[in-house]
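K.L.:
First the structure, which I've put down as structure tokens, then a few questions once you've had a look.
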Amino acid sequence: MQEGIRIFERCNELALLSEDTDALTRVYLSAQHQQANQLAGTWMRDAGMHVWQDAVGNICGRYEGTEPEAPALLLGSHLDTVRNAGKYDGMLGVITAIELVSRLHQQNKRFPFAIEVVGFGDEEGVRFGVTLLGSRGLAGSWGDNWLDKQDSNGISLAQALCDFGLAPEQIHQAKRKSSDFIGYLELHIEQGPLLESTDLALGVVTAINGAKRLNFSFKGMAGHAGTVPMSLRQDALVGTSELILAAESIAKEFDVVATVGKIACHPGAVNVIPSDVSFSLDIRAPDNQQRDVALFEITKAAKEIATRRQLELSYDCFYSSDATPCSGFLQEKLTNAVTNVQGRSMSLASGAGHDAIAIAALCEVGMLFMRCKGGISHNPAESVQVADIDLALQALEHVLANINLPKTKNMLG
Ligand SMILES: [Zn+2]
């Protein structure tokens, strides 16, 4: 319980580092980011780690294993927040990882592998509109033009790095090698309602959902709302309505999530039959094929509706990201650990994006989810229980104690 309380209190302490006085907002390469790195760095040092800040502003610590320069198990999460954020999204994973190392340090316990803890400087992408800047820096996957990206004050990412005391021409130095790590493990709040509704504190993530986003439009014929009989209408909004309902039932059938979140209807008058409707579709699944099959069914339904209602259909995909499967090996270790500490485990996909997406390019990734009250996140009402933090800490300890390095090495070839 002692450790859970300390983690809880440290989340409170980090939450004070905000650009707003009455809300928590901490963005990449800000003065508050600097302060958060200093604070987390101090905690890492106190936990017996060698500490450094990398070339993109991630705070990193290393606790050596029994063999010097052994590859490390990387633990961590992000230290940046959305605007008006909660206290646990990201921070919980970093602080719990530090606490885990602190316990090992106190017991003078070391493993055949090293443990590294990272607090990523940017995951949310609030300042420059690009997400995962911290973890993509560590994976060496920054885009060519990202240094030119500007924040809302017109400050470029290159300039912000300089202001932070970093050098834009050296960002590649943040890149780590695959051989540096045996895997990446992240504790994160679920940010959804599944664990709470199942009355479980912890769950094991199977995959981080991949997403596709499309723009659709139906074109029909505008007409007088009083004179054109129902049987002769080409109403683009009624066609759209039918498709939205079809998307809902297809999503349920194929176990994906699909959302129409934006819609524009023209001409938009009370006495005119709608002629042009454009709308968005966001579709996500833990498996790319599963998502694409569901999307195929939705477009098939759209074509059928267009033909039957004499509407002109167009659609295009403007965003696509692959699903990130979690490592089978780490899922197994996590499932055993969670079963050990809470009696049974639960597997679930992550609907939200996480740093593990970027780190998966380097090594196998695993994620442990912890319930949060009402599934609420990206909101100051984010809330967790100390007893759950304790369970998470115990589960992670169990994983560490049960990683068999030679087997891991074989597994990684
Ligand atoms: Zn997060």
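We label chains A, B, ... in the order they appear in the structure tokens, count residues from 1 in each chain, and number ligands from 1 in the order shown.
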Hey, could you make a per-residue contact list for chain A against ligand 1 with 7 Å as the cut-off, showing the nearest pair of atoms and its distance in Å to one decimal, counting only C-alpha atoms and all ligand atoms, sorted by chain and number, as JSON lines?

P.N.:
{"residue": "A:His78", "atom": "CA", "partner": "ligand 1", "partner_atom_place_in_ligand_line": "1 (Zn)", "distance": 6.4}
{"residue": "A:Asp89", "atom": "CA", "partner": "ligand 1", "partner_atom_place_in_ligand_line": "1 (Zn)", "distance": 4.5}
{"residue": "A:Gly90", "atom": "CA", "partner": "ligand 1", "partner_atom_place_in_ligand_line": "1 (Zn)", "distance": 4.3}
{"residue": "A:Glu123", "atom": "CA", "partner": "ligand 1", "partner_atom_place_in_ligand_line": "1 (Zn)", "distance": 6.9}
{"residue": "A:His188", "atom": "CA", "partner": "ligand 1", "partner_atom_place_in_ligand_line": "1 (Zn)", "distance": 6.7}
{"residue": "A:His354", "atom": "CA", "partner": "ligand 1", "partner_atom_place_in_ligand_line": "1 (Zn)", "distance": 6.0}

K.L.:
Tell me, as number ranges by chain, which residues lie within 10 Å of Trp146 (chain A), counting only C-alpha atoms; anything in the same chain fewer than 3 positions away does not count.

P.N.:
A: 128-130, 133, 142-143, 149-150, 156-158

K.L.:
How far is it from CA of Cys265 (chain A) to CA of Cys317 (chain A), in Å with one decimal?

P.N.:
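Computing it gives 20.1 Å between the two atoms.
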
K.L.:
Fewer than 2 positions away in the same chain doesn't count, so skip those; otherwise give me all residues within 10 Å of Ala301 (chain A), counting only C-alpha atoms, as an MDAnalysis selection string.

P.N.:
chainID A and resid 242:243 246:247 250 295:299 303:307

K.L.:
Near Arg110 (chain A), counting only C-alpha atoms, which residues have an atom at most 7 Å away, once you skip same-chain residues fewer than 5 positions from it, shown as a list in words?

P.N.:
Gly65, Thr66 and Leu104 of chain A

K.L.:
Put those residues in a file: C-alpha atoms, as a PDB file, in the first residue's frame.

P.N.:
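Now in selection.pdb:
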ATOM      1  CA  GLY A  65      21.480  -5.958 -14.675  1.00  0.00           C
ATOM      2  CA  THR A  66      23.866  -8.581 -13.368  1.00  0.00           C
ATOM      3  CA  LEU A 104      14.584  -3.627  -6.707  1.00  0.00           C
TER       4      LEU A 104
END

K.L.:
Go through A:Lys252, A:Lys300, A:His398, A:Arg103 and flag the residue nearest Val341 (chain A), using only C-alpha atoms for the distances.

P.N.:
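Residue with the minimum atom-to-atom distance to Val341 (chain A): A:His398.
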
K.L.:
Hey, what's within 12 Å of Asp316 (chain A) if we count only C-alpha atoms and toss same-chain stuff fewer than 5 positions away? As a list in words, please?

P.N.:
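Surrounding residues, per the criterion: Lys212, Arg213, Leu214, Asn215, Phe216, Ser217, Ser278, Phe279, Ser280, Leu281, Asp282, Leu295 and Thr299 of chain A.
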
K.L.:
May I have all residues of region 170-355 of chain A that DSSP, computed from the backbone, assigns to strand (DSSP E), given as a ChimeraX atom specification?

P.N.:
/A:181-189,202-208,210-219,257-259,263-266,276-285,312-321,324-325,347-350

K.L.:
Mind dumping the selected residues with C-alpha atoms as an mmCIF file, in the first residue's frame?

P.N.:
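Listed below is the output, part-v3.cif:
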data_model
loop_
_atom_site.group_PDB
_atom_site.id
_atom_site.type_symbol
_atom_site.label_atom_id
_atom_site.label_comp_id
_atom_site.auth_asym_id
_atom_site.auth_seq_id
_atom_site.Cartn_x
_atom_site.Cartn_y
_atom_site.Cartn_z
ATOM 1 C CA PHE A 181 16.077 -3.905 -25.724
ATOM 2 C CA ILE A 182 14.503 -7.247 -24.927
ATOM 3 C CA GLY A 183 11.068 -5.637 -24.978
ATOM 4 C CA TYR A 184 8.910 -2.672 -23.974
ATOM 5 C CA LEU A 185 6.289 -2.801 -21.263
ATOM 6 C CA GLU A 186 3.863 0.038 -20.557
ATOM 7 C CA LEU A 187 1.342 0.456 -17.775
ATOM 8 C CA HIS A 188 -1.481 2.818 -18.757
ATOM 9 C CA ILE A 189 -4.980 3.609 -17.581
ATOM 10 C CA LEU A 202 -6.065 -4.943 -14.457
ATOM 11 C CA GLY A 203 -6.230 -6.274 -17.993
ATOM 12 C CA VAL A 204 -3.763 -7.317 -20.677
ATOM 13 C CA VAL A 205 -3.729 -5.523 -24.024
ATOM 14 C CA THR A 206 -3.857 -7.737 -27.117
ATOM 15 C CA ALA A 207 -3.287 -5.013 -29.707
ATOM 16 C CA ILE A 208 -3.571 -1.299 -30.270
ATOM 17 C CA GLY A 210 -5.458 0.452 -36.277
ATOM 18 C CA ALA A 211 -7.698 3.144 -37.748
ATOM 19 C CA LYS A 212 -8.948 4.344 -41.108
ATOM 20 C CA ARG A 213 -10.715 7.626 -41.701
ATOM 21 C CA LEU A 214 -12.763 8.380 -44.784
ATOM 22 C CA ASN A 215 -14.794 11.216 -46.241
ATOM 23 C CA PHE A 216 -18.067 10.140 -47.862
ATOM 24 C CA SER A 217 -20.552 12.112 -49.890
ATOM 25 C CA PHE A 218 -23.972 11.399 -51.331
ATOM 26 C CA LYS A 219 -25.338 13.687 -54.044
ATOM 27 C CA VAL A 257 -15.818 0.326 -33.801
ATOM 28 C CA ALA A 258 -17.174 2.689 -36.457
ATOM 29 C CA THR A 259 -18.218 6.298 -35.952
ATOM 30 C CA ILE A 263 -21.802 15.619 -41.140
ATOM 31 C CA ALA A 264 -22.659 18.554 -43.420
ATOM 32 C CA CYS A 265 -26.014 18.808 -45.168
ATOM 33 C CA HIS A 266 -26.763 21.138 -48.111
ATOM 34 C CA ASP A 276 -25.549 17.105 -50.925
ATOM 35 C CA VAL A 277 -24.398 15.422 -47.747
ATOM 36 C CA SER A 278 -20.786 14.853 -46.802
ATOM 37 C CA PHE A 279 -19.768 12.941 -43.691
ATOM 38 C CA SER A 280 -16.791 11.285 -42.032
ATOM 39 C CA LEU A 281 -16.267 7.674 -41.047
ATOM 40 C CA ASP A 282 -13.727 6.557 -38.443
ATOM 41 C CA ILE A 283 -13.275 2.793 -38.204
ATOM 42 C CA ARG A 284 -10.903 0.944 -35.850
ATOM 43 C CA ALA A 285 -10.010 -2.644 -35.014
ATOM 44 C CA GLU A 312 -24.168 9.730 -56.573
ATOM 45 C CA LEU A 313 -21.681 8.245 -54.127
ATOM 46 C CA SER A 314 -18.047 9.169 -53.577
ATOM 47 C CA TYR A 315 -15.612 8.340 -50.797
ATOM 48 C CA ASP A 316 -11.912 8.515 -50.114
ATOM 49 C CA CYS A 317 -9.649 7.367 -47.322
ATOM 50 C CA PHE A 318 -7.523 10.226 -45.960
ATOM 51 C CA TYR A 319 -5.925 8.499 -42.970
ATOM 52 C CA SER A 320 -4.764 4.973 -42.302
ATOM 53 C CA SER A 321 -2.753 3.482 -39.457
ATOM 54 C CA THR A 324 -0.052 -2.825 -33.464
ATOM 55 C CA PRO A 325 -0.247 -6.359 -32.117
ATOM 56 C CA SER A 347 -7.569 -9.491 -22.478
ATOM 57 C CA LEU A 348 -8.686 -6.384 -24.312
ATOM 58 C CA ALA A 349 -7.714 -4.280 -27.305
ATOM 59 C CA SER A 350 -6.716 -0.648 -26.925
#

K.L.:
For Ala23 (chain A), which residue out of A:Ser102, A:Asn379, A:Asn37, A:Ser141 is the nearest one, using only C-alpha atoms?

P.N.:
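Among the listed residues, the smallest separation from Ala23 (chain A) belongs to A:Asn379.
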
K.L.:
Measuring between only C-alpha atoms, which one of A:Glu99, A:Asp54, A:Glu382, A:Glu19 shows the shortest distance to Gly137 (chain A)?

P.N.:
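Counting only C-alpha atoms, the residue closest to Gly137 (chain A) is A:Asp54.
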
K.L.:
Per DSSP on the backbone, what are the helix (DSSP H, G or I) residues of region 12-220 of chain A, as number ranges by chain?

P.N.:
A: 12-15, 31-46, 91-106, 133-139, 146-148, 157-163, 168-174, 178-180, 194-198

K.L.:
Just how far from CA of Leu14 (chain A) is CA of Pro193 (chain A), in Å to one decimal?

P.N.:
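The value is 25.1 Å.
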
K.L.:
Restricting the calculation to only C-alpha atoms: of A:Ala72, A:Leu237, A:Leu245, A:Ala31, which residue gets closest to Asp163 (chain A)?

P.N.:
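Closest candidate: A:Ala31.
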
K.L.:
Report, in Å to a single decimal, how far apart CA of Ala36 (chain A) and CA of Ser77 (chain A) are.

P.N.:
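Taking CA of Ser77 (chain A) as the start and CA of Ala36 (chain A) as the end point, the length is 13.2 Å.
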
K.L.:
Rank A:Leu400, A:Val27, A:Leu147, A:Val272 by their smallest atom-to-atom distance to Leu161 (chain A), using only C-alpha atoms, and report the top residue only.

P.N.:
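That would be A:Leu147, the residue with the smallest distance to Leu161 (chain A).
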
K.L.:
List the neighbours of Glu196 (chain A) out to 8 Å using only C-alpha atoms; skip same-chain residues closer than 3 positions along the sequence, and give me the result as a list in words.

P.N.:
Pro193, Asp199, Leu200, Ala201, Arg371, Cys372, Lys373, Gly374 and Gly375 of chain A

K.L.:
Restricting the calculation to only C-alpha atoms, which member of A:Asn12, A:Gln53, A:Asn340, A:Asn402 is positioned closest to Val117 (chain A)?

P.N.:
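Looking at the shortest contact to Val117 (chain A), the residue is A:Gln53.
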
K.L.:
Please provide the set of residues having any atom within 9 Å of Ile389 (chain A), restricted to only C-alpha atoms, with same-chain residues fewer than 2 positions apart removed, written as a ChimeraX atom specification.

P.N.:
/A:1,3-5,7-8,92,96,201,370,384-387,391-394
